[in-house]
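Undergrad: Submitted below is the structure of interest, expressed as structure tokens.
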Amino acid sequence: MLEAIRVIEGKAAPLKLDNVDTDQIIPAEFLKILSKKGLGRYCFYRWRYNEDGSLKRDFILNDPRYSDASILIAGRNFGIGSSRENAVWALQDLGIRCVIAPSFGDIFYVNSIKNMLLCIKLPEEEVKMLQELAERETLVLKIDLEKNTIEFKDNIIRFEMNNVVRERFLQGLDEIELTLKNHIERIKKYEENMPGFMIPKPRRFVPY
Amino acid sequence: MAGRSIFDKIWEIHTVYEKEDGETLLYVDRHLTHEVTSPMAFEGLREKNRRVRRPDLTFAVTDHNVPTTDRLKPIRDELSAKQIAALERNTRDFGITLFDLYSPYQGIVHVIGPELGLTIPGITLVCGDSHTSTHGALGALAFGIGTSEGEHVLATQTLWLKKPRKMLITLDGKLSEGVTAKDVILWIIRNIGTGGGIGYIVEYDGEAIRRMNVEERMTLCNMAIEGGARTAIISPDEQVFNYVKGRPYAPADDEWGEALEYWKKIVSDPDAEYHKIIRFSVNKLEPQVTWGTNPAMTLGVSEEIPDPKDFDDPDERHAIERALDYMGLRPGTKITDIGVDVVFIGSCTNGRLTDLLDAARVALGRKVMHNVRAFVVPGSQLTKRTAERLGLHRIFIDAGFEWRNPGCSMCIAMNEDRLKPGERSASTSNRNFENRQGPGGRTHLVSPLMAAAAAVYGRFVDVRELDLPSREEVLEHAGGY
């Protein structure tokens with residue numbers, strides 16, 4: 001079971017790129033690792049490191065000002081592409097607890113919720129305003145899931161969030177346990193009524 | 001009452017429970033899984049001492065990591081070998097059918113599903129892979145899911161989903177000779193953008209779709225995810241029913257009639273409603289080539305590389321500059337002046353018999369350019385054996401292509417098949433993201449016809465200008481064993 005989250009407070013880093021795909025968040029070669037932990041060092045691997053392992057200076061997350069950032073302010077369509085949940089695990093292991101963007105890849109968004117990585121959709125103008133603020137000075141955001149607000153300095157931005165998603169964060173429930181507890185009879189009943197042709201049966205070997 | 005689409009109907013039939021806020025518990029008829037995204041899901045089951053609810057509806061295959069070279073030799077990559085061993089252990093422990101490296105049914109998960117008759121119309125299907133949308137070509141409601149969702153499906157055979165919005169893309173007209181389903185989908189993505197389909201399920205229909213064979217429709221559904229769509233679907237017709245009939249796991253005997261009756265009922269009503277409708281004519285479409293680092297960065301073969309200076313929006317300008325820099329291309333360069341080092345024909349997008357036949361249309365009687373490395377990776381063992389039975393492999397080998405064993409191969413570059421830094425490929429796969437085919441590799445996505453032609457000429461050419469035999473003529477020439 002994952003722990004409930006009500007408030008996230010932390011430093012924000014601007015990642016001013018659209019269409020950041022999950023291949024960039026974690027390259028395929030690191031999907032062979034049989035663990036959810038320790039993937040942070042491979043997060044944005046090709047953008048963070050040169051071939052000799054030294055840090056690339058031009059990548060924003062290598063800037064010492066953002067080394068302890070826990071909120072990423074990203075561009076449009078963040079997390080598109082491959083379904084790899086490792087992208088979420090890598091971001092979390094890097095210390096990221098929330099991503100703010102105008103839009104997200106659908107599968108990435110769901111994967112994030114399942115792992116309690118908060119994804120907040122904001123209008124593009126607000127995202128750009130936050131990115132510019134975070135570039136100019138240290139920007140600390142306080143995200144309150146009960147109030148649906150982002151507070152910084154003397155400002156408050158409201159965001160919209162699906163109630164299902166919100167409840168999940170506020171309660172931190174084990175989804176599988178809940179489904180089994182609340183719906184198992186319905187599932188069994190559904191299965192009893194399934195027509196036989198829906199169930200695959202190996203019947204023949206294809207000749208070639 | 002307004003008409004309902006195929007998606008509405010399958011969704012309704014499979015709804016186990018709907019919450020007041022619309023969150024729906026959907027029953028899953030097929031769960032396909034592979035070595036890369038499943039290990040942590042099985043690990044999760046073990047930790048909680050849970051079982052797999054329906055091993056009879058769950059099928060596993062090794063595809064992402066596997067070598068495409070000699071299968072009798074041990075796998076050199078230690079991590080790949082471990083991941084493959086983990087799937088063998090997990091499927092054994094939980095009682096799931098596995099098509100392993102040596103199975104005659106092994107292949108890319110989205111190729112073998114339809115091929116084995118595991119994918120049939122009217123079912124819900126999930127897989128821990130974004131290209132699961134492929135199965136929509138048969139009229140299945142198919143979702144690519146993450147590992148946590150996969151664990152939920154293993155344990156409960158259901159999935160919580162929020163109902164996506166519906167987009168209808170109608171394709172009118174007739175494709176010109178040399179223009180294929182791959183060109184159509186690249187062109188659609190170019191038009192709607194990488195995020196254009198976010199939150200939507202795309203349904204394809206129209207004259208051009210009905211003309212396509214089932215494998216071509218799979219290409220079209222496969223890449224819907226590259227336009228951001230949750231998935232894609234096409235109402236099944238006689239072509240689909242004929243495709244499914246007689247396949248190893250397809251309904252047979254008395255069940256065939258019942259299945260057919262059900263399948264005919266789930267097609268979209270003519271007055272079905274959609275949140276968004278797009279209509280294209282494919283009449284004037286030309287072969288497409290991606291030039292940048294996402295699949296929306298696509299051009300027709302007669303066009304030139306864009307100039308960032310022509311774009312007012314600073315974000316767009318920056319994105320183009322960045323892509324040109326990565327791809328090592330200059331503005332104004334003609335597509336047909338771009339040379340290639342490697343040609344890859346395969347993947348869940350274009351690794352089926354139709355695709356191999358198309359590539360063979362170009363390869364027949366021609367030679368791969370001396371400085372090009374070209375290889376064909378059939379999507380599955382069945383595809384490979386069928387192609388060999390037809391004699392297609394000889395056409396490729398005579399032309400200088402390598403003829404490999406099935407797997408995801410250079411589409412994801414998790415095995416040894418990858419580009420070296422700076423190398424440029426013509427690839428029939430689905431993603432031209434940075435480093436996708438190997439660190440520093442530069443990918444141009446094209447159709448199998450265009451890829452094979454690039455292998456022969458060492459650069460992109462307009463396949464419409466080549467004198468090509470028809471698929472039938474290729475088969476006649478190949479002559480079987």
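In the structure tokens, the first chain shown is A, the next is B, and so on; residue numbers restart at 1 for each chain, and ligands run from 1 in the order shown.
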Which residues are close to B:Trp187, i.e. within 9 Å by only C-alpha atoms, leaving aside same-chain residues fewer than 3 positions away? Reply as a ChimeraX atom specification.

TA: /B:182-184,190-192,285,288,296,298-300

Undergrad: With all heavy atoms retained, could you export that selection as an mmCIF file, in the first residue's frame?

TA:
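out.cif was written with the following content:
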```cif
data_model
loop_
_atom_site.group_PDB
_atom_site.id
_atom_site.type_symbol
_atom_site.label_atom_id
_atom_site.label_comp_id
_atom_site.auth_asym_id
_atom_site.auth_seq_id
_atom_site.Cartn_x
_atom_site.Cartn_y
_atom_site.Cartn_z
ATOM 1 N N LYS B 182 1.087 2.577 -44.017
ATOM 2 C CA LYS B 182 2.090 3.267 -43.210
ATOM 3 C C LYS B 182 2.137 4.750 -43.567
ATOM 4 O O LYS B 182 2.239 5.612 -42.683
ATOM 5 C CB LYS B 182 3.462 2.622 -43.444
ATOM 6 C CG LYS B 182 4.618 3.241 -42.649
ATOM 7 C CD LYS B 182 4.407 3.070 -41.156
ATOM 8 C CE LYS B 182 5.662 3.296 -40.337
ATOM 9 N NZ LYS B 182 6.672 2.274 -40.451
ATOM 10 N N ASP B 183 2.046 5.033 -44.858
ATOM 11 C CA ASP B 183 2.058 6.440 -45.290
ATOM 12 C C ASP B 183 0.815 7.161 -44.773
ATOM 13 O O ASP B 183 0.887 8.319 -44.368
ATOM 14 C CB ASP B 183 2.138 6.512 -46.812
ATOM 15 C CG ASP B 183 3.358 5.779 -47.349
ATOM 16 O OD1 ASP B 183 4.472 6.206 -47.014
ATOM 17 O OD2 ASP B 183 3.197 4.773 -48.063
ATOM 18 N N VAL B 184 -0.307 6.440 -44.760
ATOM 19 C CA VAL B 184 -1.550 7.051 -44.278
ATOM 20 C C VAL B 184 -1.420 7.419 -42.804
ATOM 21 O O VAL B 184 -1.741 8.545 -42.400
ATOM 22 C CB VAL B 184 -2.757 6.084 -44.461
ATOM 23 C CG1 VAL B 184 -4.013 6.694 -43.856
ATOM 24 C CG2 VAL B 184 -2.968 5.761 -45.933
ATOM 25 N N ARG B 190 1.011 13.457 -38.637
ATOM 26 C CA ARG B 190 1.529 14.770 -39.047
ATOM 27 C C ARG B 190 0.414 15.819 -38.935
ATOM 28 O O ARG B 190 0.648 16.957 -38.529
ATOM 29 C CB ARG B 190 2.021 14.652 -40.484
ATOM 30 C CG ARG B 190 2.439 15.935 -41.123
ATOM 31 C CD ARG B 190 2.753 15.662 -42.589
ATOM 32 N NE ARG B 190 3.151 16.887 -43.257
ATOM 33 C CZ ARG B 190 3.517 16.932 -44.538
ATOM 34 N NH1 ARG B 190 3.550 15.829 -45.261
ATOM 35 N NH2 ARG B 190 3.865 18.074 -45.095
ATOM 36 N N ASN B 191 -0.797 15.428 -39.279
ATOM 37 C CA ASN B 191 -1.916 16.367 -39.258
ATOM 38 C C ASN B 191 -2.486 16.624 -37.870
ATOM 39 O O ASN B 191 -2.837 17.762 -37.543
ATOM 40 C CB ASN B 191 -3.026 15.870 -40.175
ATOM 41 C CG ASN B 191 -2.781 16.297 -41.603
ATOM 42 O OD1 ASN B 191 -3.068 17.424 -41.977
ATOM 43 N ND2 ASN B 191 -2.191 15.410 -42.379
ATOM 44 N N ILE B 192 -2.633 15.574 -37.053
ATOM 45 C CA ILE B 192 -3.250 15.794 -35.736
ATOM 46 C C ILE B 192 -2.210 16.098 -34.659
ATOM 47 O O ILE B 192 -2.539 16.598 -33.596
ATOM 48 C CB ILE B 192 -4.148 14.613 -35.283
ATOM 49 C CG1 ILE B 192 -3.334 13.355 -34.984
ATOM 50 C CG2 ILE B 192 -5.225 14.306 -36.313
ATOM 51 C CD1 ILE B 192 -4.148 12.247 -34.320
ATOM 52 N N LEU B 285 -2.355 11.349 -51.649
ATOM 53 C CA LEU B 285 -1.275 11.110 -50.683
ATOM 54 C C LEU B 285 -0.034 10.540 -51.369
ATOM 55 O O LEU B 285 -0.137 9.681 -52.234
ATOM 56 C CB LEU B 285 -1.789 10.115 -49.627
ATOM 57 C CG LEU B 285 -0.912 9.919 -48.408
ATOM 58 C CD1 LEU B 285 -0.857 11.195 -47.586
ATOM 59 C CD2 LEU B 285 -1.470 8.796 -47.552
ATOM 60 N N GLN B 288 5.410 8.856 -47.402
ATOM 61 C CA GLN B 288 5.824 9.751 -46.324
ATOM 62 C C GLN B 288 7.153 9.293 -45.698
ATOM 63 O O GLN B 288 7.434 8.099 -45.640
ATOM 64 C CB GLN B 288 4.752 9.785 -45.227
ATOM 65 C CG GLN B 288 3.353 10.147 -45.717
ATOM 66 C CD GLN B 288 3.214 11.622 -46.061
ATOM 67 O OE1 GLN B 288 3.498 12.491 -45.245
ATOM 68 N NE2 GLN B 288 2.782 11.897 -47.286
ATOM 69 N N ALA B 296 5.298 12.962 -35.690
ATOM 70 C CA ALA B 296 4.550 14.029 -36.356
ATOM 71 C C ALA B 296 5.468 14.847 -37.273
ATOM 72 O O ALA B 296 5.003 15.610 -38.109
ATOM 73 C CB ALA B 296 3.892 14.939 -35.325
ATOM 74 N N THR B 298 6.932 14.731 -40.073
ATOM 75 C CA THR B 298 6.840 13.900 -41.274
ATOM 76 C C THR B 298 6.676 14.769 -42.509
ATOM 77 O O THR B 298 6.050 15.827 -42.451
ATOM 78 C CB THR B 298 5.621 12.960 -41.130
ATOM 79 O OG1 THR B 298 5.873 12.029 -40.083
ATOM 80 C CG2 THR B 298 5.343 12.194 -42.403
ATOM 81 N N LEU B 299 7.255 14.323 -43.628
ATOM 82 C CA LEU B 299 7.115 15.027 -44.904
ATOM 83 C C LEU B 299 6.763 14.052 -46.009
ATOM 84 O O LEU B 299 7.070 12.861 -45.912
ATOM 85 C CB LEU B 299 8.448 15.695 -45.276
ATOM 86 C CG LEU B 299 8.914 16.874 -44.437
ATOM 87 C CD1 LEU B 299 10.362 17.202 -44.802
ATOM 88 C CD2 LEU B 299 8.022 18.089 -44.664
ATOM 89 N N GLY B 300 6.158 14.565 -47.074
ATOM 90 C CA GLY B 300 5.993 13.771 -48.278
ATOM 91 C C GLY B 300 7.350 13.623 -48.947
ATOM 92 O O GLY B 300 8.229 14.477 -48.777
#
```

Undergrad: Once you count only C-alpha atoms, which residues of chain B turn out to be within 7 Å of chain A? Could you give them as a PyMOL selection string?

TA: chain B and resi 16+36-37+39+57+79-80+83+118+128-130+144-148+152+156+195+198-199+226+228+230+248-251+255+259+385-386+412+414+436

Undergrad: With N, CA, C and O atoms retained, could you export that selection as a compact mmCIF listing (two decimals), in the first residue's frame?

TA:
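Final output, saved to out.txt:
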```
# COMPACT_ATOMS: atom_id res chain seq x y z
N VAL B 16 -18.31 -4.33 -15.69
CA VAL B 16 -18.64 -5.13 -14.50
C VAL B 16 -19.32 -4.22 -13.48
O VAL B 16 -20.26 -4.61 -12.80
N VAL B 36 9.46 -7.69 -20.67
CA VAL B 36 10.00 -6.42 -20.17
C VAL B 36 9.10 -5.72 -19.16
O VAL B 36 9.57 -5.24 -18.14
N THR B 37 7.80 -5.66 -19.42
CA THR B 37 6.95 -4.89 -18.51
C THR B 37 6.24 -5.75 -17.44
O THR B 37 5.53 -5.23 -16.60
N PRO B 39 7.77 -8.31 -15.16
CA PRO B 39 8.40 -8.87 -13.95
C PRO B 39 7.94 -8.23 -12.64
O PRO B 39 7.68 -8.94 -11.67
N LEU B 57 -6.80 -17.01 -19.68
CA LEU B 57 -7.01 -15.83 -20.54
C LEU B 57 -5.72 -15.02 -20.67
O LEU B 57 -5.71 -13.93 -21.23
N LEU B 79 21.71 -9.31 -18.76
CA LEU B 79 20.46 -8.76 -18.23
C LEU B 79 19.25 -9.24 -19.03
O LEU B 79 18.20 -9.56 -18.47
N SER B 80 19.41 -9.31 -20.35
CA SER B 80 18.33 -9.81 -21.19
C SER B 80 18.02 -11.26 -20.83
O SER B 80 16.86 -11.66 -20.70
N GLN B 83 16.06 -11.43 -17.67
CA GLN B 83 14.67 -11.00 -17.81
C GLN B 83 13.84 -12.09 -18.51
O GLN B 83 12.69 -12.34 -18.14
N LEU B 118 -5.84 -15.45 -30.99
CA LEU B 118 -6.09 -15.01 -29.60
C LEU B 118 -6.87 -13.70 -29.64
O LEU B 118 -7.71 -13.44 -28.79
N GLY B 128 0.94 -4.87 -21.61
CA GLY B 128 1.85 -3.86 -21.09
C GLY B 128 2.76 -3.34 -22.19
O GLY B 128 3.97 -3.49 -22.14
N ASP B 129 2.14 -2.73 -23.18
CA ASP B 129 2.90 -2.20 -24.31
C ASP B 129 2.00 -1.21 -25.04
O ASP B 129 0.83 -1.51 -25.31
N SER B 130 2.55 -0.05 -25.38
CA SER B 130 1.70 1.00 -25.93
C SER B 130 1.12 0.66 -27.31
O SER B 130 0.10 1.19 -27.70
N GLY B 144 -3.15 -0.45 -24.27
CA GLY B 144 -1.80 -0.55 -23.75
C GLY B 144 -1.82 -0.06 -22.31
O GLY B 144 -2.40 0.98 -22.02
N ILE B 145 -1.25 -0.82 -21.40
CA ILE B 145 -1.33 -0.47 -19.98
C ILE B 145 0.06 -0.51 -19.33
O ILE B 145 1.01 -1.02 -19.91
N GLY B 146 0.15 0.03 -18.13
CA GLY B 146 1.40 0.01 -17.38
C GLY B 146 1.52 -1.26 -16.54
O GLY B 146 0.64 -2.13 -16.59
N THR B 147 2.59 -1.33 -15.78
CA THR B 147 2.86 -2.53 -14.98
C THR B 147 1.89 -2.66 -13.81
O THR B 147 1.43 -3.76 -13.49
N SER B 148 1.56 -1.54 -13.14
CA SER B 148 0.61 -1.60 -12.01
C SER B 148 -0.75 -2.06 -12.49
O SER B 148 -1.41 -2.89 -11.85
N HIS B 152 -2.97 -5.50 -11.60
CA HIS B 152 -4.40 -5.49 -11.27
C HIS B 152 -5.16 -6.47 -12.16
O HIS B 152 -6.04 -7.20 -11.68
N THR B 156 -7.20 -9.65 -10.84
CA THR B 156 -8.68 -9.51 -10.82
C THR B 156 -9.34 -9.76 -12.18
O THR B 156 -10.56 -9.84 -12.27
N GLY B 195 0.04 14.92 -29.88
CA GLY B 195 -0.91 14.96 -28.77
C GLY B 195 -2.35 15.07 -29.23
O GLY B 195 -3.26 15.15 -28.40
N ILE B 198 -4.84 12.61 -27.61
CA ILE B 198 -4.84 12.37 -26.16
C ILE B 198 -6.27 12.40 -25.61
O ILE B 198 -7.03 13.30 -25.92
N GLY B 199 -6.61 11.38 -24.84
CA GLY B 199 -7.95 11.29 -24.26
C GLY B 199 -8.99 10.66 -25.17
O GLY B 199 -10.13 10.45 -24.76
N GLU B 226 0.95 6.95 -31.47
CA GLU B 226 1.94 8.00 -31.79
C GLU B 226 1.26 9.34 -32.05
O GLU B 226 1.91 10.37 -32.09
N GLY B 228 -1.06 10.10 -29.95
CA GLY B 228 -1.54 10.35 -28.59
C GLY B 228 -2.79 9.58 -28.21
O GLY B 228 -3.19 9.59 -27.05
N ARG B 230 -5.64 6.93 -27.08
CA ARG B 230 -5.64 5.86 -26.08
C ARG B 230 -5.60 4.52 -26.79
O ARG B 230 -4.92 3.61 -26.38
N PRO B 248 -5.28 -20.99 -34.83
CA PRO B 248 -5.13 -22.00 -33.76
C PRO B 248 -6.04 -21.79 -32.54
O PRO B 248 -6.59 -22.76 -32.03
N TYR B 249 -6.19 -20.57 -32.06
CA TYR B 249 -7.00 -20.35 -30.85
C TYR B 249 -8.37 -19.73 -31.15
O TYR B 249 -9.10 -19.39 -30.24
N ALA B 250 -8.71 -19.60 -32.42
CA ALA B 250 -9.98 -18.95 -32.78
C ALA B 250 -11.16 -19.88 -32.48
O ALA B 250 -11.00 -21.09 -32.46
N PRO B 251 -12.33 -19.29 -32.26
CA PRO B 251 -13.50 -20.13 -32.04
C PRO B 251 -13.69 -21.07 -33.24
O PRO B 251 -13.46 -20.67 -34.37
N GLU B 255 -18.99 -23.10 -31.83
CA GLU B 255 -18.71 -21.77 -31.28
C GLU B 255 -18.48 -20.74 -32.38
O GLU B 255 -18.67 -19.55 -32.16
N ALA B 259 -20.00 -16.99 -32.34
CA ALA B 259 -19.08 -15.86 -32.35
C ALA B 259 -19.43 -14.90 -33.50
O ALA B 259 -19.54 -13.69 -33.30
N ARG B 385 8.06 -18.58 -41.26
CA ARG B 385 7.91 -19.87 -41.94
C ARG B 385 7.03 -19.74 -43.18
O ARG B 385 7.30 -20.35 -44.20
N THR B 386 5.97 -18.94 -43.05
CA THR B 386 5.08 -18.76 -44.20
C THR B 386 5.85 -18.08 -45.34
O THR B 386 5.75 -18.50 -46.50
N ILE B 412 13.26 -1.21 -30.92
CA ILE B 412 13.48 -0.72 -29.55
C ILE B 412 14.94 -0.89 -29.14
O ILE B 412 15.39 -0.32 -28.14
N MET B 414 16.75 -3.20 -27.81
CA MET B 414 17.12 -3.79 -26.51
C MET B 414 18.03 -5.00 -26.70
O MET B 414 18.63 -5.48 -25.75
N ARG B 436 16.39 6.13 -29.97
CA ARG B 436 15.48 4.98 -29.92
C ARG B 436 16.14 3.72 -30.51
O ARG B 436 16.00 2.63 -29.99
```

Undergrad: Quick one: everything within 12 Å of A:Asp68, counting only C-alpha atoms, minus sequence neighbours fewer than 3 positions away in the same chain. Send it as an NGL selection string.

TA: :A and (9-13 or 61-65 or 71-72 or 94-97 or 138-140)

Undergrad: Using DSSP assignments from the backbone, pull out every residue in stretch 52-158 of chain B that falls under strand (DSSP E or B) and give it to me as number ranges by chain.

TA: B: 58-61, 97-99, 107, 124-127, 141-144, 158

Undergrad: Which parts of stretch 17-206 of chain A does DSSP call alpha helix (DSSP H) when run on the backbone here, written out as a count of residues only?

TA: 65
